[in-house]
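**Student:** Provided below: model02.cif, containing mmCIF, C-alpha atoms.
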```
data_start
loop_
_atom_site.label_atom_id
_atom_site.label_comp_id
_atom_site.auth_asym_id
_atom_site.auth_seq_id
_atom_site.Cartn_x
_atom_site.Cartn_y
_atom_site.Cartn_z
CA MET T 1027 11.74 -15.04 10.11
CA ASN T 1028 9.97 -12.44 8.07
CA GLY T 1029 7.34 -10.42 9.89
CA PRO T 1030 4.56 -8.34 8.40
CA GLU T 1031 5.54 -5.47 6.16
CA PRO T 1032 6.07 -2.29 8.22
CA ARG T 1033 3.37 0.36 7.93
CA THR T 1034 5.75 3.25 8.45
CA ASN T 1035 8.90 4.44 6.82
CA ARG T 1036 12.11 3.64 8.66
CA LYS T 1037 13.59 7.03 7.78
CA GLU T 1038 12.29 10.19 9.38
CA PRO T 1039 10.97 12.58 6.73
CA LYS T 1040 12.54 16.00 6.35
CA PRO T 1041 10.67 19.20 5.50
CA GLY T 1042 10.06 19.33 1.76
CA ASP T 1043 9.99 15.54 1.29
CA LEU T 1044 7.30 13.98 -0.89
CA ILE T 1045 5.26 11.41 1.02
CA GLU T 1046 3.72 8.59 -1.02
CA ILE T 1047 0.85 6.76 0.71
CA PHE T 1048 -0.33 3.43 -0.66
CA ARG T 1049 -4.14 3.31 -0.74
CA VAL T 1050 -6.27 0.56 -2.25
CA GLY T 1051 -6.09 1.13 -6.01
CA TYR T 1052 -4.17 4.42 -5.97
CA LYS T 1053 -1.43 6.40 -4.26
CA HIS T 1054 -2.05 9.55 -2.27
CA TRP T 1055 0.68 12.21 -2.12
CA ALA T 1056 1.56 14.86 0.44
CA ILE T 1057 4.45 17.19 1.26
CA TYR T 1058 6.10 16.93 4.67
CA ILE T 1059 6.45 20.32 6.40
CA GLY T 1060 7.98 19.24 9.72
CA SER T 1061 6.92 18.45 13.30
CA GLY T 1062 4.94 15.44 12.11
CA PHE T 1063 2.71 17.43 9.71
CA VAL T 1064 2.00 17.16 6.00
CA VAL T 1065 0.14 19.41 3.57
CA HIS T 1066 -1.94 17.70 0.90
CA LEU T 1067 -4.72 18.28 -1.61
CA VAL T 1068 -7.90 16.48 -0.59
CA VAL T 1069 -11.15 16.12 -2.49
CA ASN T 1070 -14.29 14.36 -1.33
CA GLY T 1071 -12.28 12.76 1.48
CA LEU T 1072 -9.94 11.15 -1.07
CA GLY T 1073 -6.83 11.89 0.99
CA SER T 1074 -8.16 10.44 4.23
CA SER T 1075 -7.33 6.88 5.14
CA SER T 1076 -10.99 5.82 5.26
CA SER T 1077 -12.19 7.20 1.92
CA CYS T 1078 -13.08 5.21 -1.16
CA SER T 1079 -15.07 7.65 -3.29
CA LEU T 1080 -13.75 9.40 -6.38
CA PRO T 1081 -14.26 13.05 -7.26
CA ALA T 1082 -16.91 14.15 -9.70
CA PRO T 1083 -15.66 16.02 -12.78
CA GLY T 1084 -15.19 19.71 -11.93
CA GLU T 1085 -15.09 19.09 -8.19
CA MET T 1086 -12.96 21.35 -6.00
CA GLY T 1087 -10.31 20.13 -3.60
CA VAL T 1088 -9.05 21.75 -0.43
CA VAL T 1089 -5.47 21.95 0.81
CA MET T 1090 -5.17 20.60 4.33
CA LYS T 1091 -2.51 20.45 7.03
CA GLU T 1092 -2.74 17.26 9.06
CA LYS T 1093 -0.57 14.94 11.12
CA LEU T 1094 1.20 12.43 8.88
CA GLU T 1095 0.03 9.56 11.08
CA ASP T 1096 -3.61 10.69 10.69
CA VAL T 1097 -3.37 10.93 6.90
CA VAL T 1098 -1.63 7.56 6.63
CA GLY T 1099 -4.00 5.72 8.98
CA GLY T 1100 -3.26 2.01 8.62
CA ASP T 1101 -1.75 2.29 5.13
CA ARG T 1102 1.90 1.92 4.11
CA TRP T 1103 3.87 5.02 3.19
CA ARG T 1104 7.34 6.08 2.16
CA ILE T 1105 9.45 9.12 1.40
CA ASN T 1106 9.63 9.27 -2.40
CA ASN T 1107 11.44 12.24 -3.91
CA TYR T 1108 11.40 10.37 -7.22
CA LEU T 1109 12.16 13.33 -9.48
CA ASP T 1110 15.25 14.59 -7.64
CA LYS T 1111 17.56 13.25 -10.37
CA LYS T 1112 15.50 14.89 -13.12
CA HIS T 1113 14.56 18.20 -11.45
CA LYS T 1114 16.34 20.20 -8.80
CA PRO T 1115 14.10 20.55 -5.72
CA GLN T 1116 13.24 24.06 -4.63
CA GLN T 1117 14.76 25.39 -1.42
CA ILE T 1118 13.22 23.77 1.68
CA TYR T 1119 12.11 27.16 2.99
CA THR T 1120 10.33 27.87 -0.31
CA ILE T 1121 8.60 24.46 -0.38
CA VAL T 1122 7.33 24.76 3.20
CA LYS T 1123 6.34 28.43 2.86
CA GLN T 1124 4.33 27.73 -0.31
CA ALA T 1125 2.72 24.63 1.21
CA VAL T 1126 1.67 26.49 4.36
CA GLY T 1127 0.39 29.37 2.23
CA PHE T 1128 -2.02 27.00 0.47
CA ILE T 1129 -3.61 25.61 3.66
CA GLY T 1130 -7.37 26.09 3.50
CA THR T 1131 -7.31 27.06 -0.19
CA ARG T 1132 -9.87 25.48 -2.50
CA LEU T 1133 -8.35 24.37 -5.81
CA PRO T 1134 -9.79 22.71 -8.91
CA TYR T 1135 -9.26 18.94 -8.79
CA ASN T 1136 -8.86 16.76 -11.85
CA LEU T 1137 -7.59 13.17 -11.81
CA VAL T 1138 -5.61 13.72 -15.01
CA SER T 1139 -4.20 17.24 -14.68
CA SER T 1140 -4.43 18.49 -11.08
CA ASN T 1141 -4.48 15.72 -8.50
CA CYS T 1142 -2.69 15.35 -5.15
CA GLU T 1143 0.53 14.15 -6.85
CA HIS T 1144 0.54 17.16 -9.20
CA PHE T 1145 0.08 19.43 -6.17
CA ALA T 1146 2.90 17.85 -4.15
CA THR T 1147 5.41 17.69 -7.02
CA ASP T 1148 4.68 21.29 -7.99
CA LEU T 1149 5.55 22.36 -4.44
CA ARG T 1150 8.80 20.37 -4.37
CA TYR T 1151 10.07 20.94 -7.92
CA GLY T 1152 8.08 23.85 -9.26
CA LYS T 1153 6.86 21.39 -11.93
CA SER T 1154 3.56 19.56 -11.78
CA THR T 1155 3.83 15.82 -12.54
CA SER T 1156 1.79 12.68 -11.89
CA LEU T 1157 3.18 9.33 -13.00
CA GLN T 1158 0.17 7.36 -11.75
CA VAL T 1159 -1.97 8.87 -14.52
CA GLY T 1160 0.65 8.85 -17.25
CA GLY T 1161 2.50 12.08 -16.48
CA GLN T 1162 5.62 11.08 -18.40
CA ARG T 1163 3.91 9.19 -21.19
CA LYS T 1164 2.50 10.38 -24.49
CA THR T 1165 -0.99 11.85 -24.40
CA GLU T 1166 -2.35 8.99 -26.54
CA ASN T 1167 -1.57 6.55 -23.72
CA LEU T 1168 -3.21 8.74 -21.09
CA TYR T 1169 -6.72 7.54 -21.96
CA CYS T 1170 -5.69 3.88 -21.54
CA ASN T 1171 -3.82 4.62 -18.33
CA LEU T 1172 -6.85 6.43 -16.92
CA ILE T 1173 -9.09 3.44 -17.71
CA ILE T 1174 -6.66 1.05 -15.99
CA TRP T 1175 -6.29 3.36 -12.97
CA ASN T 1176 -10.05 3.78 -12.65
CA LEU T 1177 -10.74 0.05 -12.96
CA ASN T 1178 -8.19 -0.60 -10.21
CA VAL T 1179 -9.93 1.87 -7.95
CA TRP T 1180 -13.36 0.61 -8.98
CA PHE T 1181 -12.60 -2.96 -7.97
CA GLY T 1182 -11.20 -1.68 -4.68
CA CYS T 1183 -13.68 1.06 -3.89
CA SER T 1184 -16.43 2.54 -5.98
CA PHE T 1185 -18.62 2.31 -9.05
CA PHE T 1186 -18.18 6.04 -9.76
CA SER T 1187 -14.76 5.29 -11.27
CA LEU T 1188 -16.34 3.43 -14.15
CA MET T 1189 -18.67 6.36 -14.87
CA LEU T 1190 -15.64 8.70 -14.91
CA VAL T 1191 -13.91 6.60 -17.57
CA PHE T 1192 -16.79 7.14 -19.99
CA SER T 1193 -16.82 10.90 -19.40
CA VAL T 1194 -13.18 11.33 -20.56
CA LYS T 1195 -12.79 12.57 -24.12
CA ARG T 1196 -10.20 11.01 -26.41
#
```
For the file at hand, write its structure as structure tokens.
**Tutor:**
Amino acid sequence: MNGPEPRTNRKEPKPGDLIEIFRVGYKHWAIYIGSGFVVHLVVNGLGSSSSCSLPAPGEMGVVMKEKLEDVVGGDRWRINNYLDKKHKPQQIYTIVKQAVGFIGTRLPYNLVSSNCEHFATDLRYGKSTSLQVGGQRKTENLYCNLIIWNLNVWFGCSFFSLMLVFSVKR
């Protein structure tokens, strides 16, 4: 008999692992630093399990250290070091040291060029990437991907997403 899908990963994360958290309409990303903690870029509550609002253009994010279980809330999550075959991860010590060094820092936040996935992948690989907004696709497709991403979030959360789509330049 198949039970409900587990909310937690079966594997224990290791320091330096990318943590992918499945929210309604988007994925939130964090870097595991050990002892049950993650470091992640949060804007307007977007990283918390209860948030549904999207950032305004030009809004600042803040890097936070929180318990993985608190960030995940009731959502599903997994370890997803998806670029390990393409890019060599930095040394674990380097990843964790850089992540801890950012705690409390305010950083510019942009859905297309500097979101939580960009932040986490930059820490792990030294290269900033976000596949959920077209990170590996041609720039021409980025506009379409952003519309699709925003409509997904809009139907799940907020009207602000639709306004953001119209503010993006081609």
**Student:** Dump as CSV the rows for residues of segment 1085-1113 of chain T within 7 Å of segment 1046-1070 of chain T: closest atom pair and distance in Å with one decimal, only C-alpha atoms counted, ordered by chain and rising residue number.
**Tutor:**
```
residue,atom,partner,partner_atom,distance
T:Met1086,CA,T:Val1069,CA,6.6
T:Gly1087,CA,T:Val1069,CA,4.2
T:Val1088,CA,T:Val1068,CA,5.4
T:Val1089,CA,T:Leu1067,CA,4.5
T:Met1090,CA,T:Val1065,CA,5.5
T:Lys1091,CA,T:Val1065,CA,4.5
T:Glu1092,CA,T:Phe1063,CA,5.5
T:Lys1093,CA,T:Phe1063,CA,4.4
T:Leu1094,CA,T:Phe1063,CA,5.3
T:Val1098,CA,T:Ile1047,CA,6.5
T:Asp1101,CA,T:Phe1048,CA,6.1
T:Arg1102,CA,T:Phe1048,CA,5.5
T:Trp1103,CA,T:Ile1047,CA,4.3
T:Arg1104,CA,T:Glu1046,CA,5.4
T:Ile1105,CA,T:Glu1046,CA,6.2
T:Asn1106,CA,T:Glu1046,CA,6.1
```
**Student:** Decode the PyMOL selection byres ((chain T and resi 1146) around 8) for the given file into explicit residues and return them as a PyMOL selection string.
**Tutor:** chain T and resi 1044+1055-1057+1066+1142-1145+1147-1150+1154
**Student:** How many Å separate atom CA of Leu1133 of chain T from atom CA of Gln1117 of chain T?
**Tutor:**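 That distance, rounded to one decimal, is 23.5 Å.
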**Student:** Pick the closest to Lys1040 of chain T from T:Lys1153, T:Tyr1119, T:Gln1124, T:Val1138: which is it, counting only C-alpha atoms?
**Tutor:**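 Result for the nearest residue to Lys1040 of chain T: T:Tyr1119.
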**Student:** Once 8 Å is added on each side, what centre and edge lengths in Å to one decimal does the axis-aligned box around all listed atoms of segment 1120-1131 of chain T have, as AutoDock Vina command-line options?
**Tutor:**
```
--center_x 1.5 --center_y 26.9 --center_z 2.0 --size_x 33.7 --size_y 20.9 --size_z 20.7
```
